[in-house]
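Next up, coords_34.cif (mmCIF, N, CA and C atoms):
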```cif
data_work
#
loop_
_atom_site.label_atom_id
_atom_site.label_comp_id
_atom_site.auth_asym_id
_atom_site.auth_seq_id
_atom_site.Cartn_x
_atom_site.Cartn_y
_atom_site.Cartn_z
N MET P 87 10.36 -54.46 64.82
CA MET P 87 10.87 -53.90 63.60
C MET P 87 10.61 -52.39 63.61
N ALA P 88 11.63 -51.64 63.29
CA ALA P 88 11.53 -50.17 63.32
C ALA P 88 10.77 -49.68 62.10
N ASP P 89 10.08 -48.56 62.31
CA ASP P 89 9.37 -47.94 61.18
C ASP P 89 10.38 -47.33 60.21
N PRO P 90 10.19 -47.55 58.94
CA PRO P 90 11.10 -46.91 57.98
C PRO P 90 10.86 -45.40 58.00
N ILE P 91 11.91 -44.66 57.84
CA ILE P 91 11.79 -43.20 57.79
C ILE P 91 11.32 -42.82 56.40
N LYS P 92 10.23 -42.09 56.41
CA LYS P 92 9.68 -41.66 55.12
C LYS P 92 10.20 -40.26 54.81
N THR P 93 10.64 -40.12 53.63
CA THR P 93 11.06 -38.78 53.19
C THR P 93 10.31 -38.46 51.91
N THR P 94 10.00 -37.25 51.78
CA THR P 94 9.36 -36.82 50.55
C THR P 94 10.35 -35.94 49.81
N HIS P 95 10.41 -36.14 48.56
CA HIS P 95 11.31 -35.35 47.74
C HIS P 95 10.50 -34.38 46.92
N ARG P 96 10.82 -33.11 47.10
CA ARG P 96 10.19 -32.10 46.27
C ARG P 96 10.98 -32.00 44.98
N PRO P 97 10.28 -31.76 43.90
CA PRO P 97 11.05 -31.59 42.66
C PRO P 97 11.94 -30.36 42.80
N ARG P 98 13.15 -30.51 42.34
CA ARG P 98 14.09 -29.39 42.44
C ARG P 98 13.84 -28.42 41.29
N HIS P 99 13.67 -27.18 41.67
CA HIS P 99 13.54 -26.13 40.68
C HIS P 99 14.92 -25.52 40.50
N LYS P 100 15.22 -25.20 39.29
CA LYS P 100 16.49 -24.55 39.04
C LYS P 100 16.46 -23.18 39.71
N LYS P 101 17.45 -22.92 40.55
CA LYS P 101 17.49 -21.65 41.25
C LYS P 101 17.88 -20.54 40.29
N ALA P 102 17.23 -19.41 40.49
CA ALA P 102 17.57 -18.26 39.67
C ALA P 102 18.98 -17.80 40.03
N HIS P 103 19.67 -17.30 39.05
CA HIS P 103 21.01 -16.74 39.25
C HIS P 103 20.84 -15.23 39.40
N TRP P 104 21.27 -14.69 40.53
CA TRP P 104 21.11 -13.26 40.81
C TRP P 104 22.41 -12.53 40.62
N ILE P 105 22.33 -11.38 39.96
CA ILE P 105 23.49 -10.53 39.74
C ILE P 105 23.23 -9.20 40.45
N PRO P 106 24.06 -8.85 41.44
CA PRO P 106 23.89 -7.56 42.11
C PRO P 106 24.56 -6.45 41.30
N VAL P 107 23.82 -5.37 41.07
CA VAL P 107 24.28 -4.27 40.24
C VAL P 107 24.05 -2.96 40.98
N VAL P 108 24.95 -2.00 40.76
CA VAL P 108 24.81 -0.66 41.34
C VAL P 108 24.72 0.36 40.21
N ALA P 109 23.99 1.44 40.48
CA ALA P 109 23.88 2.54 39.52
C ALA P 109 23.91 3.85 40.30
N GLY P 110 24.41 4.89 39.64
CA GLY P 110 24.56 6.18 40.32
C GLY P 110 23.73 7.28 39.70
N PHE P 111 23.15 8.10 40.57
CA PHE P 111 22.47 9.33 40.15
C PHE P 111 23.47 10.47 40.28
N LEU P 112 24.04 10.91 39.16
CA LEU P 112 24.90 12.09 39.13
C LEU P 112 24.05 13.25 38.65
N ARG P 113 24.07 14.35 39.40
CA ARG P 113 23.21 15.49 39.07
C ARG P 113 24.03 16.76 38.91
N LYS P 114 23.59 17.60 37.96
CA LYS P 114 24.23 18.90 37.73
C LYS P 114 23.21 19.82 37.09
N ASP P 115 22.99 20.96 37.70
CA ASP P 115 22.08 21.98 37.15
C ASP P 115 20.68 21.43 36.84
N GLY P 116 20.15 20.59 37.74
CA GLY P 116 18.82 20.03 37.55
C GLY P 116 18.75 18.88 36.56
N LYS P 117 19.91 18.48 36.04
CA LYS P 117 19.96 17.38 35.07
C LYS P 117 20.64 16.17 35.69
N ILE P 118 20.44 15.01 35.05
CA ILE P 118 21.06 13.76 35.48
C ILE P 118 21.91 13.22 34.34
N LEU P 119 22.94 12.46 34.68
CA LEU P 119 23.84 11.90 33.67
C LEU P 119 23.37 10.51 33.27
N VAL P 120 23.25 10.30 31.96
CA VAL P 120 22.96 8.97 31.41
C VAL P 120 23.98 8.66 30.32
N GLY P 121 24.21 7.38 30.13
CA GLY P 121 25.15 6.93 29.10
C GLY P 121 24.49 5.95 28.16
N GLN P 122 24.92 5.99 26.90
CA GLN P 122 24.37 5.06 25.90
C GLN P 122 25.25 3.83 25.83
N ARG P 123 24.61 2.66 26.02
CA ARG P 123 25.34 1.39 26.06
C ARG P 123 26.02 1.11 24.72
N PRO P 124 27.25 0.56 24.79
CA PRO P 124 27.98 0.27 23.55
C PRO P 124 27.32 -0.82 22.71
N GLU P 125 27.57 -0.77 21.42
CA GLU P 125 27.00 -1.75 20.48
C GLU P 125 27.43 -3.18 20.81
N SER P 126 28.60 -3.34 21.41
CA SER P 126 29.14 -4.69 21.68
C SER P 126 28.56 -5.32 22.94
N HIS P 127 27.66 -4.64 23.65
CA HIS P 127 27.11 -5.15 24.90
C HIS P 127 25.62 -5.47 24.76
N SER P 128 25.10 -6.22 25.76
CA SER P 128 23.66 -6.46 25.79
C SER P 128 22.95 -5.12 25.95
N LEU P 129 21.72 -5.04 25.50
CA LEU P 129 20.92 -3.82 25.55
C LEU P 129 21.63 -2.67 24.82
N ALA P 130 22.33 -2.99 23.76
CA ALA P 130 23.10 -2.01 22.99
C ALA P 130 22.24 -0.83 22.58
N GLY P 131 22.80 0.36 22.70
CA GLY P 131 22.13 1.58 22.29
C GLY P 131 21.16 2.15 23.31
N GLN P 132 20.84 1.39 24.34
CA GLN P 132 19.91 1.90 25.35
C GLN P 132 20.65 2.84 26.31
N TRP P 133 19.89 3.76 26.89
CA TRP P 133 20.43 4.75 27.82
C TRP P 133 20.27 4.24 29.25
N GLU P 134 21.32 4.39 30.04
CA GLU P 134 21.32 3.88 31.41
C GLU P 134 22.03 4.83 32.35
N PHE P 135 21.82 4.60 33.63
CA PHE P 135 22.59 5.31 34.64
C PHE P 135 23.94 4.61 34.75
N PRO P 136 25.03 5.35 34.94
CA PRO P 136 26.33 4.69 35.04
C PRO P 136 26.40 3.77 36.26
N GLY P 137 27.13 2.69 36.12
CA GLY P 137 27.28 1.73 37.21
C GLY P 137 27.70 0.38 36.66
N GLY P 138 27.48 -0.67 37.44
CA GLY P 138 27.86 -2.00 36.99
C GLY P 138 27.73 -3.02 38.10
N LYS P 139 28.34 -4.17 37.86
CA LYS P 139 28.22 -5.30 38.78
C LYS P 139 29.08 -5.14 40.02
N ILE P 140 28.56 -5.66 41.12
CA ILE P 140 29.31 -5.71 42.38
C ILE P 140 30.19 -6.96 42.33
N GLU P 141 31.49 -6.77 42.55
CA GLU P 141 32.43 -7.88 42.55
C GLU P 141 32.51 -8.49 43.95
N PRO P 142 32.87 -9.78 44.05
CA PRO P 142 33.00 -10.40 45.38
C PRO P 142 33.96 -9.60 46.27
N GLY P 143 33.56 -9.40 47.52
CA GLY P 143 34.39 -8.69 48.48
C GLY P 143 34.17 -7.18 48.50
N GLU P 144 33.38 -6.66 47.57
CA GLU P 144 33.12 -5.22 47.53
C GLU P 144 31.80 -4.90 48.23
N THR P 145 31.75 -3.73 48.85
CA THR P 145 30.46 -3.21 49.28
C THR P 145 29.82 -2.57 48.05
N PRO P 146 28.51 -2.37 48.06
CA PRO P 146 27.89 -1.69 46.92
C PRO P 146 28.51 -0.32 46.65
N GLU P 147 28.82 0.43 47.70
CA GLU P 147 29.43 1.75 47.53
C GLU P 147 30.81 1.66 46.88
N GLN P 148 31.62 0.68 47.30
CA GLN P 148 32.94 0.48 46.70
C GLN P 148 32.79 0.10 45.23
N ALA P 149 31.82 -0.76 44.94
CA ALA P 149 31.60 -1.19 43.55
C ALA P 149 31.22 0.00 42.67
N LEU P 150 30.33 0.86 43.17
CA LEU P 150 29.92 2.00 42.36
C LEU P 150 31.07 2.97 42.15
N ALA P 151 31.85 3.23 43.18
CA ALA P 151 33.02 4.12 43.02
C ALA P 151 33.98 3.54 41.97
N ARG P 152 34.23 2.23 42.02
CA ARG P 152 35.11 1.59 41.04
C ARG P 152 34.53 1.69 39.63
N GLU P 153 33.24 1.38 39.49
CA GLU P 153 32.60 1.42 38.18
C GLU P 153 32.62 2.83 37.59
N LEU P 154 32.37 3.85 38.42
CA LEU P 154 32.38 5.22 37.92
C LEU P 154 33.78 5.63 37.48
N SER P 155 34.79 5.13 38.17
CA SER P 155 36.18 5.39 37.76
C SER P 155 36.46 4.71 36.41
N GLU P 156 36.04 3.43 36.28
CA GLU P 156 36.29 2.69 35.04
C GLU P 156 35.48 3.22 33.87
N GLU P 157 34.21 3.55 34.11
CA GLU P 157 33.31 3.95 33.02
C GLU P 157 33.39 5.42 32.65
N LEU P 158 33.65 6.28 33.65
CA LEU P 158 33.58 7.72 33.42
C LEU P 158 34.90 8.45 33.68
N GLY P 159 35.87 7.76 34.31
CA GLY P 159 37.14 8.39 34.62
C GLY P 159 37.07 9.41 35.75
N ILE P 160 36.12 9.23 36.68
CA ILE P 160 35.96 10.18 37.77
C ILE P 160 36.23 9.50 39.11
N GLU P 161 36.56 10.33 40.11
CA GLU P 161 36.66 9.87 41.50
C GLU P 161 35.41 10.38 42.19
N ALA P 162 34.55 9.47 42.62
CA ALA P 162 33.25 9.87 43.16
C ALA P 162 33.10 9.53 44.63
N GLN P 163 32.36 10.39 45.32
CA GLN P 163 31.94 10.09 46.69
C GLN P 163 30.50 9.61 46.60
N ILE P 164 30.28 8.39 47.06
CA ILE P 164 28.96 7.76 46.96
C ILE P 164 28.13 8.14 48.18
N GLY P 165 26.89 8.54 47.93
CA GLY P 165 25.98 8.94 49.00
C GLY P 165 25.05 7.82 49.40
N ASN P 166 23.84 8.20 49.74
CA ASN P 166 22.85 7.26 50.27
C ASN P 166 22.22 6.39 49.20
N LEU P 167 21.81 5.20 49.64
CA LEU P 167 20.99 4.32 48.80
C LEU P 167 19.64 5.00 48.61
N LYS P 168 19.22 5.18 47.37
CA LYS P 168 17.97 5.88 47.08
C LYS P 168 16.85 4.94 46.66
N LEU P 169 17.21 3.79 46.09
CA LEU P 169 16.20 2.92 45.51
C LEU P 169 16.81 1.54 45.27
N ALA P 170 16.03 0.49 45.50
CA ALA P 170 16.43 -0.88 45.17
C ALA P 170 15.30 -1.51 44.37
N SER P 171 15.66 -2.30 43.36
CA SER P 171 14.66 -2.93 42.52
C SER P 171 15.22 -4.23 41.95
N THR P 172 14.33 -5.04 41.40
CA THR P 172 14.76 -6.28 40.75
C THR P 172 14.17 -6.36 39.35
N GLN P 173 14.84 -7.13 38.51
CA GLN P 173 14.37 -7.38 37.16
C GLN P 173 14.82 -8.78 36.78
N SER P 174 13.95 -9.54 36.12
CA SER P 174 14.31 -10.88 35.66
C SER P 174 14.48 -10.88 34.15
N TYR P 175 15.52 -11.53 33.71
CA TYR P 175 15.77 -11.78 32.30
C TYR P 175 15.89 -13.30 32.18
N GLY P 176 14.78 -13.98 31.96
CA GLY P 176 14.78 -15.45 31.92
C GLY P 176 15.12 -15.98 33.30
N GLU P 177 16.16 -16.81 33.39
CA GLU P 177 16.55 -17.40 34.67
C GLU P 177 17.57 -16.55 35.42
N VAL P 178 17.88 -15.37 34.88
CA VAL P 178 18.82 -14.48 35.54
C VAL P 178 18.05 -13.32 36.15
N GLY P 179 18.30 -13.08 37.43
CA GLY P 179 17.67 -11.97 38.13
C GLY P 179 18.71 -10.89 38.39
N ILE P 180 18.31 -9.64 38.23
CA ILE P 180 19.19 -8.51 38.49
C ILE P 180 18.64 -7.77 39.71
N LEU P 181 19.49 -7.54 40.71
CA LEU P 181 19.16 -6.70 41.85
C LEU P 181 19.89 -5.39 41.61
N ILE P 182 19.14 -4.30 41.46
CA ILE P 182 19.74 -3.00 41.15
C ILE P 182 19.62 -2.09 42.37
N LEU P 183 20.75 -1.55 42.80
CA LEU P 183 20.80 -0.60 43.90
C LEU P 183 21.21 0.75 43.34
N PHE P 184 20.34 1.74 43.47
CA PHE P 184 20.61 3.09 42.97
C PHE P 184 21.09 3.97 44.12
N PHE P 185 22.23 4.62 43.93
CA PHE P 185 22.81 5.49 44.94
C PHE P 185 22.91 6.92 44.43
N GLU P 186 22.78 7.85 45.36
CA GLU P 186 23.09 9.25 45.07
C GLU P 186 24.62 9.35 44.98
N VAL P 187 25.11 10.14 44.04
CA VAL P 187 26.54 10.43 43.97
C VAL P 187 26.69 11.88 44.41
N ASN P 188 27.28 12.08 45.58
CA ASN P 188 27.32 13.41 46.20
C ASN P 188 28.15 14.40 45.41
N PHE P 189 29.39 14.03 45.11
CA PHE P 189 30.22 14.87 44.25
C PHE P 189 31.34 14.02 43.68
N TRP P 190 32.02 14.59 42.69
CA TRP P 190 33.06 13.84 42.01
C TRP P 190 34.14 14.80 41.54
N LYS P 191 35.32 14.23 41.31
CA LYS P 191 36.46 14.97 40.76
C LYS P 191 36.60 14.58 39.30
N LYS P 192 36.92 15.55 38.46
CA LYS P 192 37.11 15.41 37.02
C LYS P 192 35.76 15.43 36.31
N GLU P 193 35.82 15.68 35.03
CA GLU P 193 34.60 15.72 34.21
C GLU P 193 34.34 14.31 33.65
N PRO P 194 33.11 13.79 33.77
CA PRO P 194 32.82 12.45 33.23
C PRO P 194 33.10 12.37 31.73
N LYS P 195 33.76 11.27 31.34
CA LYS P 195 34.08 11.01 29.94
C LYS P 195 33.47 9.67 29.53
N PRO P 196 33.07 9.52 28.26
CA PRO P 196 32.47 8.25 27.81
C PRO P 196 33.53 7.18 27.53
N ILE P 197 34.12 6.64 28.58
CA ILE P 197 35.12 5.58 28.43
C ILE P 197 34.45 4.27 28.04
N HIS P 198 33.34 3.95 28.69
CA HIS P 198 32.61 2.70 28.45
C HIS P 198 31.45 2.92 27.49
N HIS P 199 30.75 4.02 27.63
CA HIS P 199 29.55 4.29 26.83
C HIS P 199 29.90 4.89 25.47
N MET P 200 28.97 4.76 24.52
CA MET P 200 29.15 5.40 23.21
C MET P 200 29.11 6.91 23.38
N MET P 201 28.21 7.38 24.24
CA MET P 201 28.12 8.80 24.54
C MET P 201 27.46 9.00 25.88
N LEU P 202 27.70 10.18 26.45
CA LEU P 202 27.09 10.59 27.71
C LEU P 202 26.25 11.83 27.43
N GLU P 203 25.16 11.98 28.19
CA GLU P 203 24.34 13.18 28.08
C GLU P 203 23.80 13.56 29.44
N TRP P 204 23.77 14.87 29.69
CA TRP P 204 23.08 15.42 30.85
C TRP P 204 21.68 15.75 30.38
N ILE P 205 20.68 15.10 30.98
CA ILE P 205 19.29 15.32 30.57
C ILE P 205 18.43 15.65 31.79
N TYR P 206 17.29 16.29 31.52
CA TYR P 206 16.33 16.50 32.60
C TYR P 206 15.65 15.17 32.88
N PRO P 207 15.35 14.88 34.15
CA PRO P 207 14.71 13.60 34.48
C PRO P 207 13.47 13.30 33.63
N SER P 208 12.68 14.32 33.31
CA SER P 208 11.47 14.11 32.52
C SER P 208 11.78 13.52 31.14
N GLU P 209 13.00 13.71 30.64
CA GLU P 209 13.40 13.18 29.33
C GLU P 209 13.59 11.66 29.34
N LEU P 210 13.70 11.07 30.53
CA LEU P 210 13.88 9.61 30.61
C LEU P 210 12.71 8.87 29.95
N LYS P 211 11.51 9.45 30.06
CA LYS P 211 10.31 8.78 29.51
C LYS P 211 10.41 8.60 28.00
N ASP P 212 11.14 9.50 27.33
CA ASP P 212 11.23 9.46 25.87
C ASP P 212 12.49 8.77 25.38
N ARG P 213 13.31 8.29 26.28
CA ARG P 213 14.55 7.61 25.91
C ARG P 213 14.33 6.11 25.80
N ASN P 214 15.19 5.47 25.01
CA ASN P 214 15.22 4.02 24.95
C ASN P 214 16.04 3.56 26.16
N ILE P 215 15.34 3.19 27.24
CA ILE P 215 16.01 2.78 28.48
C ILE P 215 15.68 1.31 28.76
N PRO P 216 16.54 0.63 29.53
CA PRO P 216 16.27 -0.78 29.84
C PRO P 216 14.92 -0.97 30.55
N GLU P 217 14.28 -2.08 30.29
CA GLU P 217 12.99 -2.40 30.92
C GLU P 217 13.10 -2.36 32.44
N ALA P 218 14.26 -2.75 32.98
CA ALA P 218 14.46 -2.71 34.44
C ALA P 218 14.26 -1.30 34.98
N ASN P 219 14.59 -0.29 34.19
CA ASN P 219 14.40 1.10 34.61
C ASN P 219 13.01 1.61 34.22
N ARG P 220 12.53 1.24 33.04
CA ARG P 220 11.23 1.73 32.56
C ARG P 220 10.12 1.34 33.53
N LYS P 221 10.16 0.10 34.03
CA LYS P 221 9.07 -0.37 34.88
C LYS P 221 9.03 0.31 36.25
N ILE P 222 10.12 1.00 36.62
CA ILE P 222 10.15 1.69 37.92
C ILE P 222 10.39 3.19 37.74
N LEU P 223 10.06 3.73 36.58
CA LEU P 223 10.30 5.15 36.35
C LEU P 223 9.66 6.04 37.42
N ASP P 224 8.45 5.67 37.86
CA ASP P 224 7.81 6.46 38.90
C ASP P 224 8.65 6.47 40.18
N ARG P 225 9.25 5.33 40.50
CA ARG P 225 10.10 5.24 41.70
C ARG P 225 11.42 5.98 41.50
N ILE P 226 11.95 5.95 40.28
CA ILE P 226 13.18 6.70 39.97
C ILE P 226 12.91 8.19 40.13
N PHE P 227 11.78 8.66 39.61
CA PHE P 227 11.43 10.07 39.75
C PHE P 227 11.32 10.43 41.23
N GLN P 228 10.67 9.57 42.01
CA GLN P 228 10.52 9.82 43.45
C GLN P 228 11.89 9.89 44.12
N ALA P 229 12.78 8.95 43.77
CA ALA P 229 14.13 8.93 44.36
C ALA P 229 14.92 10.19 44.00
N LEU P 230 14.64 10.74 42.81
CA LEU P 230 15.31 11.96 42.36
C LEU P 230 14.63 13.21 42.91
N GLY P 231 13.47 13.03 43.56
CA GLY P 231 12.74 14.17 44.09
C GLY P 231 12.04 14.97 43.01
N VAL P 232 11.65 14.29 41.93
CA VAL P 232 11.00 14.93 40.80
C VAL P 232 9.56 14.44 40.72
N GLU P 233 8.65 15.33 40.38
CA GLU P 233 7.24 14.95 40.28
C GLU P 233 7.04 14.01 39.10
N TRP P 234 6.33 12.92 39.33
CA TRP P 234 6.05 11.93 38.29
C TRP P 234 4.86 12.35 37.47
N GLN P 235 5.04 12.41 36.17
CA GLN P 235 3.95 12.71 35.23
C GLN P 235 4.00 11.69 34.14
N LYS P 236 2.94 10.89 34.03
CA LYS P 236 2.90 9.85 32.98
C LYS P 236 2.89 10.44 31.61
#
```
Show me the file's structure as structure tokens.
Amino acid sequence: MADPIKTTHRPRHKKAHWIPVVAGFLRKDGKILVGQRPESHSLAGQWEFPGGKIEPGETPEQALARELSEELGIEAQIGNLKLASTQSYGEVGILILFFEVNFWKKEPKPIHHMMLEWIYPSELKDRNIPEANRKILDRIFQALGVEWQK
């Protein structure tokens, strides 16, 4: 008689759902561009770097160029990846890829955001920004080449 094959079943954990997101560092005269999220969206009123979700079939760079066109009305050349981070919101995980935006055509307009502002990086500490950005502010400063001061 053959030995029965024993299998052990591990309890299945619900897998986290990951959303890949891109964001851009646009710089001008020592300042960076941030936009205020619309009231109709999650994290309404918070200030963020322009960007959005990566769609299937897109590279992160293609996604950021598309998002900047949709959100700001600009044609942008995407530079190097400067920073990658994750944030969890319950069972949803966000993977955020921050890219340098080398240059762009046209002046950014608040198509998606309630308003846009050019601010000094040090002003980020005093803004209402998403927790995903707040928890890595030191790394954002480093990626921007700015000295971190708590």
Proximity check region 158-192 of chain P to region 134-153 of chain P, 8 Å, nearest pairs one decimal Å, all atoms listed in the file, as a Markdown table:
```
| residue | atom | partner | partner_atom | distance |
| --- | --- | --- | --- | --- |
| P:Leu158 | N | P:Glu153 | C | 5.3 |
| P:Gly159 | N | P:Glu153 | C | 6.8 |
| P:Ile160 | C | P:Ala151 | C | 7.0 |
| P:Glu161 | C | P:Ala151 | CA | 6.8 |
| P:Ala162 | N | P:Ala151 | CA | 5.6 |
| P:Gln163 | N | P:Ala151 | CA | 6.7 |
| P:Ile164 | CA | P:Glu147 | CA | 6.1 |
| P:Gly165 | N | P:Glu147 | CA | 7.3 |
| P:Leu183 | CA | P:Pro146 | CA | 7.8 |
```
With N, CA and C atoms kept, could you save the residues just selected as a JSON list (two decimals), in the coordinates of the input?
```json
[["chain", "number", "residue", "atom", "x", "y", "z"],
["P", 158, "LEU", "N", 33.65, 6.28, 33.65],
["P", 158, "LEU", "CA", 33.58, 7.72, 33.42],
["P", 158, "LEU", "C", 34.90, 8.45, 33.68],
["P", 159, "GLY", "N", 35.87, 7.76, 34.31],
["P", 159, "GLY", "CA", 37.14, 8.39, 34.62],
["P", 159, "GLY", "C", 37.07, 9.41, 35.75],
["P", 160, "ILE", "N", 36.12, 9.23, 36.68],
["P", 160, "ILE", "CA", 35.96, 10.18, 37.77],
["P", 160, "ILE", "C", 36.23, 9.50, 39.11],
["P", 161, "GLU", "N", 36.56, 10.33, 40.11],
["P", 161, "GLU", "CA", 36.66, 9.87, 41.50],
["P", 161, "GLU", "C", 35.41, 10.38, 42.19],
["P", 162, "ALA", "N", 34.55, 9.47, 42.62],
["P", 162, "ALA", "CA", 33.25, 9.87, 43.16],
["P", 162, "ALA", "C", 33.10, 9.53, 44.63],
["P", 163, "GLN", "N", 32.36, 10.39, 45.32],
["P", 163, "GLN", "CA", 31.94, 10.09, 46.69],
["P", 163, "GLN", "C", 30.50, 9.61, 46.60],
["P", 164, "ILE", "N", 30.28, 8.39, 47.06],
["P", 164, "ILE", "CA", 28.96, 7.76, 46.96],
["P", 164, "ILE", "C", 28.13, 8.14, 48.18],
["P", 165, "GLY", "N", 26.89, 8.54, 47.93],
["P", 165, "GLY", "CA", 25.98, 8.94, 49.00],
["P", 165, "GLY", "C", 25.05, 7.82, 49.40],
["P", 183, "LEU", "N", 20.75, -1.55, 42.80],
["P", 183, "LEU", "CA", 20.80, -0.60, 43.90],
["P", 183, "LEU", "C", 21.21, 0.75, 43.34]]
```
Inset, instruction - Have a look at atom C of Trp133 (chain P) and atom C of Asp224 (chain P) and let me know their distance in Å, one decimal. - result: 16.1 Å
Inset, instruction - Report as an MDAnalysis selection string the full result of the PyMOL selection byres (((chain P and resi 186 and name CA) around 10) and name CA) when it is applied to this structure. - result: chainID P and resid 109:113 163:169 184:185 187:189 229:230
Legend entry - Those of chain P in DSSP helix (DSSP H, G or I), formatted as a count of residues only: 31
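Among the candidates P:Glu156, P:Gly131, P:Ile182, P:Glu125, the one nearest to Asn214 (chain P) when counting all atoms listed in the file is P:Gly131.
Considering the residues P:Ile215, P:Ile205, P:Ile222, P:Leu181 and counting all atoms listed in the file, Lys117 (chain P) has its shortest atom-to-atom contact with P:Ile205.
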Inset, instruction - From a DSSP pass on the backbone, collect the residues of region 108-146 of chain P flagged as strand (DSSP E) and hand them back as JSON, numbers by chain. - result: {"P": [108, 109, 110, 111, 113, 114, 117, 118, 119, 120, 121, 122, 133, 134, 137, 138, 139]}
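Of note, CA of Ile197 (chain P) and CA of Lys221 (chain P) are spaced 27.5 Å apart.
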Inset, instruction - List, as JSON, numbers by chain, every residue that the PyMOL selection byres (((chain P and resi 217 and name CA) around 10) and name CA) selects in the file provided. - result: {"P": [129, 132, 173, 174, 175, 214, 215, 216, 218, 219, 220, 221, 222, 223]}
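Relative to atom C of Tyr206 (chain P), CA of His127 (chain P) is found at 24.7 Å.
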Inset, instruction - Just say which residues the PyMOL selection byres (((chain P and resi 232 and name CA) around 12) and name CA) picks in this file, as a list in words. - result: Gly116, Lys117, Ile118, Tyr206, Pro207, Ser208, Glu209, Leu210, Leu223, Asp224, Arg225, Ile226, Phe227, Gln228, Ala229, Leu230, Gly231, Glu233, Trp234 and Gln235 of chain P
Let me see the file: selected residues, N, CA and C atoms, as a short mmCIF file (atom, residue, chain, number, x, y, z; two decimals), keeping the file's coordinate frame.
```cif
data_model
loop_
_atom_site.label_atom_id
_atom_site.label_comp_id
_atom_site.auth_asym_id
_atom_site.auth_seq_id
_atom_site.Cartn_x
_atom_site.Cartn_y
_atom_site.Cartn_z
N GLY P 116 20.15 20.59 37.74
CA GLY P 116 18.82 20.03 37.55
C GLY P 116 18.75 18.88 36.56
N LYS P 117 19.91 18.48 36.04
CA LYS P 117 19.96 17.38 35.07
C LYS P 117 20.64 16.17 35.69
N ILE P 118 20.44 15.01 35.05
CA ILE P 118 21.06 13.76 35.48
C ILE P 118 21.91 13.22 34.34
N TYR P 206 17.29 16.29 31.52
CA TYR P 206 16.33 16.50 32.60
C TYR P 206 15.65 15.17 32.88
N PRO P 207 15.35 14.88 34.15
CA PRO P 207 14.71 13.60 34.48
C PRO P 207 13.47 13.30 33.63
N SER P 208 12.68 14.32 33.31
CA SER P 208 11.47 14.11 32.52
C SER P 208 11.78 13.52 31.14
N GLU P 209 13.00 13.71 30.64
CA GLU P 209 13.40 13.18 29.33
C GLU P 209 13.59 11.66 29.34
N LEU P 210 13.70 11.07 30.53
CA LEU P 210 13.88 9.61 30.61
C LEU P 210 12.71 8.87 29.95
N LEU P 223 10.06 3.73 36.58
CA LEU P 223 10.30 5.15 36.35
C LEU P 223 9.66 6.04 37.42
N ASP P 224 8.45 5.67 37.86
CA ASP P 224 7.81 6.46 38.90
C ASP P 224 8.65 6.47 40.18
N ARG P 225 9.25 5.33 40.50
CA ARG P 225 10.10 5.24 41.70
C ARG P 225 11.42 5.98 41.50
N ILE P 226 11.95 5.95 40.28
CA ILE P 226 13.18 6.70 39.97
C ILE P 226 12.91 8.19 40.13
N PHE P 227 11.78 8.66 39.61
CA PHE P 227 11.43 10.07 39.75
C PHE P 227 11.32 10.43 41.23
N GLN P 228 10.67 9.57 42.01
CA GLN P 228 10.52 9.82 43.45
C GLN P 228 11.89 9.89 44.12
N ALA P 229 12.78 8.95 43.77
CA ALA P 229 14.13 8.93 44.36
C ALA P 229 14.92 10.19 44.00
N LEU P 230 14.64 10.74 42.81
CA LEU P 230 15.31 11.96 42.36
C LEU P 230 14.63 13.21 42.91
N GLY P 231 13.47 13.03 43.56
CA GLY P 231 12.74 14.17 44.09
C GLY P 231 12.04 14.97 43.01
N GLU P 233 8.65 15.33 40.38
CA GLU P 233 7.24 14.95 40.28
C GLU P 233 7.04 14.01 39.10
N TRP P 234 6.33 12.92 39.33
CA TRP P 234 6.05 11.93 38.29
C TRP P 234 4.86 12.35 37.47
N GLN P 235 5.04 12.41 36.17
CA GLN P 235 3.95 12.71 35.23
C GLN P 235 4.00 11.69 34.14
#
```
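Nearest to Val120 (chain P) of all the residues P:Glu177, P:His198, P:Thr172, P:Trp204 is P:Trp204, based on only C-alpha atoms.
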Legend entry - Using only N, CA and C atoms: which of P:Gln122, P:Gly179, P:His199, P:Glu157 has the shortest distance to Ile105 (chain P): P:Gly179
Legend entry - Within-6.5 Å shell of (21.7, -14.1, 41.4) in input frame, only N, CA and C atoms, as a ChimeraX atom specification: /P:102-106,178-180
Could you write those residues out with N, CA and C atoms, as a PDB file, in the frame of the given file?
```pdb
ATOM      1  N   ALA P 102      17.230 -19.410  40.490  1.00  0.00           N
ATOM      2  CA  ALA P 102      17.570 -18.260  39.670  1.00  0.00           C
ATOM      3  C   ALA P 102      18.980 -17.800  40.030  1.00  0.00           C
ATOM      4  N   HIS P 103      19.670 -17.300  39.050  1.00  0.00           N
ATOM      5  CA  HIS P 103      21.010 -16.740  39.250  1.00  0.00           C
ATOM      6  C   HIS P 103      20.840 -15.230  39.400  1.00  0.00           C
ATOM      7  N   TRP P 104      21.270 -14.690  40.530  1.00  0.00           N
ATOM      8  CA  TRP P 104      21.110 -13.260  40.810  1.00  0.00           C
ATOM      9  C   TRP P 104      22.410 -12.530  40.620  1.00  0.00           C
ATOM     10  N   ILE P 105      22.330 -11.380  39.960  1.00  0.00           N
ATOM     11  CA  ILE P 105      23.490 -10.530  39.740  1.00  0.00           C
ATOM     12  C   ILE P 105      23.230  -9.200  40.450  1.00  0.00           C
ATOM     13  N   PRO P 106      24.060  -8.850  41.440  1.00  0.00           N
ATOM     14  CA  PRO P 106      23.890  -7.560  42.110  1.00  0.00           C
ATOM     15  C   PRO P 106      24.560  -6.450  41.300  1.00  0.00           C
ATOM     16  N   VAL P 178      17.880 -15.370  34.880  1.00  0.00           N
ATOM     17  CA  VAL P 178      18.820 -14.480  35.540  1.00  0.00           C
ATOM     18  C   VAL P 178      18.050 -13.320  36.150  1.00  0.00           C
ATOM     19  N   GLY P 179      18.300 -13.080  37.430  1.00  0.00           N
ATOM     20  CA  GLY P 179      17.670 -11.970  38.130  1.00  0.00           C
ATOM     21  C   GLY P 179      18.710 -10.890  38.390  1.00  0.00           C
ATOM     22  N   ILE P 180      18.310  -9.640  38.230  1.00  0.00           N
ATOM     23  CA  ILE P 180      19.190  -8.510  38.490  1.00  0.00           C
ATOM     24  C   ILE P 180      18.640  -7.770  39.710  1.00  0.00           C
TER      25      ILE P 180
END
```
